[in-house]
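> Please read through the structure below; I'll follow up with questions.
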Amino acid sequence: MPEVLANLGINFGTGVNAGQFPLVGSGGQGQSFQTIPLSNQNLVLYQLSIRDFNPPYSAQYGYTFPLSPTSVTKEFTALTNIYDVADLVAENGGVQRIVDPYGSTLPSFSLEGTTGWQFHGTDGFAFSGLQSIAAVQSLLTQYAQLNRAQQLANKPLYPLEYYDFFSSEFWQVVPIGPQTVRQTSVRPLLFEYAFKLAAVGPPVGGGNSGSQSQNDDVGNQFDIPGQQGISNLNGNINSFLSGYE
């Protein structure tokens, strides 16, 4: 292989790693690749919770994703302005770049996946896949309705919180943009979702922001898995299920 690559103009005798390590799978020289086995010690769990707006901020409605999302995207915006102005220094090409950085936004999260079809142990076998997709829709609807009533009464809003135990992301969030639930003929029994949530601050229950490690007793701190919240949702999903009959 090195002879073939050499004919393409690649020189194995030069470069920052030349002569440092053996090239895997050949007698030449190059970079070696090694790994060390590492087991996962993190809890793989994703949840949403509507909390009370008064201490101790107990869970009013809770939802556990029965299957891990197929895609979790975290985005944040670096708030930096760049201005290119004239510069008399020849080495800079006659242009000076002025940078005005003033921080980064809190992150937003895009979650995509399916709730499956069967009952799953992740949420304590509380919902089938069909009931679960109705439950998460009910939670988002309850969040909107509760806070509309709070706004009209000039009262504090109910916080919605997002917990990603695998990545240690714990945030107070708000839904933004379209929240999508989709069926296709390819997998007609399954519902696919795409939710977007914008962080607005740390969880109301205390602790650190999502970018920092939480306490070891985070499950107790946030009243997770929120059985009371799941019980509350059970009373609201029938209206959603009737739409799928």
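Residue numbering restarts at 1 for every chain of the structure tokens, chains are lettered A, B, ... in their displayed order, and ligands are numbered from 1 as they appear.
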For range 92-101 of chain A, please output as JSON, numbers by chain all residues within 12 Å (counting only C-alpha atoms; exclusion window: fewer than 3 positions along the same chain).

{"A": [77, 78, 79, 80, 81, 82, 83, 84, 85, 86, 87, 88, 89, 104, 105]}

> For N, CA and C atoms, I'd like the residues from the last selection saved as a PDB file, in the first residue's frame.


ATOM      1  N   THR A  77     -25.770  29.682  20.213  1.00  0.00           N
ATOM      2  CA  THR A  77     -25.260  30.695  19.294  1.00  0.00           C
ATOM      3  C   THR A  77     -24.192  31.531  19.976  1.00  0.00           C
ATOM      4  N   ALA A  78     -23.033  31.622  19.331  1.00  0.00           N
ATOM      5  CA  ALA A  78     -21.978  32.510  19.810  1.00  0.00           C
ATOM      6  C   ALA A  78     -22.305  33.928  19.346  1.00  0.00           C
ATOM      7  N   LEU A  79     -22.587  34.800  20.285  1.00  0.00           N
ATOM      8  CA  LEU A  79     -23.000  36.167  19.961  1.00  0.00           C
ATOM      9  C   LEU A  79     -21.751  37.030  19.776  1.00  0.00           C
ATOM     10  N   THR A  80     -21.213  36.980  18.586  1.00  0.00           N
ATOM     11  CA  THR A  80     -19.995  37.712  18.238  1.00  0.00           C
ATOM     12  C   THR A  80     -20.217  38.489  16.951  1.00  0.00           C
ATOM     13  N   ASN A  81     -19.939  39.771  16.983  1.00  0.00           N
ATOM     14  CA  ASN A  81     -19.997  40.608  15.789  1.00  0.00           C
ATOM     15  C   ASN A  81     -18.587  40.877  15.289  1.00  0.00           C
ATOM     16  N   ILE A  82     -18.421  40.808  13.984  1.00  0.00           N
ATOM     17  CA  ILE A  82     -17.127  41.054  13.351  1.00  0.00           C
ATOM     18  C   ILE A  82     -17.273  42.213  12.368  1.00  0.00           C
ATOM     19  N   TYR A  83     -16.352  43.176  12.469  1.00  0.00           N
ATOM     20  CA  TYR A  83     -16.370  44.342  11.580  1.00  0.00           C
ATOM     21  C   TYR A  83     -15.019  44.425  10.873  1.00  0.00           C
ATOM     22  N   ASP A  84     -15.028  44.462   9.563  1.00  0.00           N
ATOM     23  CA  ASP A  84     -13.817  44.651   8.772  1.00  0.00           C
ATOM     24  C   ASP A  84     -13.732  46.101   8.322  1.00  0.00           C
ATOM     25  N   VAL A  85     -12.655  46.781   8.753  1.00  0.00           N
ATOM     26  CA  VAL A  85     -12.478  48.198   8.441  1.00  0.00           C
ATOM     27  C   VAL A  85     -11.103  48.399   7.822  1.00  0.00           C
ATOM     28  N   ALA A  86     -10.899  49.560   7.251  1.00  0.00           N
ATOM     29  CA  ALA A  86      -9.619  49.864   6.610  1.00  0.00           C
ATOM     30  C   ALA A  86      -8.500  49.910   7.638  1.00  0.00           C
ATOM     31  N   ASP A  87      -7.308  49.443   7.216  1.00  0.00           N
ATOM     32  CA  ASP A  87      -6.135  49.422   8.081  1.00  0.00           C
ATOM     33  C   ASP A  87      -4.927  49.820   7.244  1.00  0.00           C
ATOM     34  N   LEU A  88      -4.067  50.670   7.820  1.00  0.00           N
ATOM     35  CA  LEU A  88      -2.890  51.141   7.085  1.00  0.00           C
ATOM     36  C   LEU A  88      -1.721  50.170   7.155  1.00  0.00           C
ATOM     37  N   VAL A  89      -1.845  49.105   7.969  1.00  0.00           N
ATOM     38  CA  VAL A  89      -0.759  48.134   8.086  1.00  0.00           C
ATOM     39  C   VAL A  89      -0.791  47.206   6.886  1.00  0.00           C
ATOM     40  N   SER A 104     -22.442  33.737  24.767  1.00  0.00           N
ATOM     41  CA  SER A 104     -23.177  32.719  24.016  1.00  0.00           C
ATOM     42  C   SER A 104     -24.572  32.574  24.613  1.00  0.00           C
ATOM     43  N   THR A 105     -25.509  32.200  23.769  1.00  0.00           N
ATOM     44  CA  THR A 105     -26.878  31.988  24.225  1.00  0.00           C
ATOM     45  C   THR A 105     -26.977  30.677  25.006  1.00  0.00           C
TER      46      THR A 105
END

> At a cut-off of 7 Å, using only C-alpha atoms, what residues contact range 108-112 of chain A? Leave out same-chain residues fewer than 5 positions from it and give the result as a JSON list (two decimals) with C-alpha atoms, in the first residue's frame.


[["chain", "number", "residue", "atom", "x", "y", "z"],
["A", 69, "PRO", "CA", -34.47, 9.58, 20.95],
["A", 70, "THR", "CA", -32.81, 8.56, 17.71],
["A", 71, "SER", "CA", -31.36, 12.07, 17.49],
["A", 72, "VAL", "CA", -30.59, 14.70, 20.14],
["A", 73, "THR", "CA", -29.13, 17.95, 18.83],
["A", 74, "LYS", "CA", -27.80, 20.67, 21.14],
["A", 75, "GLU", "CA", -27.35, 24.12, 19.63],
["A", 76, "PHE", "CA", -26.19, 27.44, 21.01],
["A", 193, "TYR", "CA", -41.86, 13.02, 16.88],
["A", 194, "ALA", "CA", -39.64, 16.06, 16.45],
["A", 195, "PHE", "CA", -39.60, 18.52, 19.35],
["A", 196, "LYS", "CA", -37.54, 21.67, 19.83],
["A", 197, "LEU", "CA", -36.94, 23.12, 23.28],
["A", 198, "ALA", "CA", -35.07, 26.30, 24.21],
["A", 199, "ALA", "CA", -33.34, 26.51, 27.58]]

> Would you mind writing down, as JSON, numbers by chain, each residue of range 22-170 of chain A that DSSP on the backbone assigns to strand (DSSP E)?

{"A": [22, 29, 30, 46, 47, 48, 49, 50, 51, 59, 60, 61, 62, 63, 64, 71, 72, 73, 74, 75, 78, 79, 80, 81, 82, 83, 84, 85, 86, 95, 96, 97, 98, 99, 100, 101, 102, 103, 104, 108, 109, 110, 111, 112, 113, 114, 160, 161, 162, 163, 164, 169, 170]}

> Just to confirm, what's the straight-line distance from CA of Ser167 in chain A to CA of Leu38 in chain A in Å (one decimal)?

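Separation between CA of Ser167 in chain A and CA of Leu38 in chain A: 16.0 Å.
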
> Which of these residues is nearest to Gly116 in chain A, using only C-alpha atoms: A:Ile176, A:Val204, A:Leu189, A:Val44?

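Using only C-alpha atoms, Gly116 in chain A sits closest to A:Leu189.
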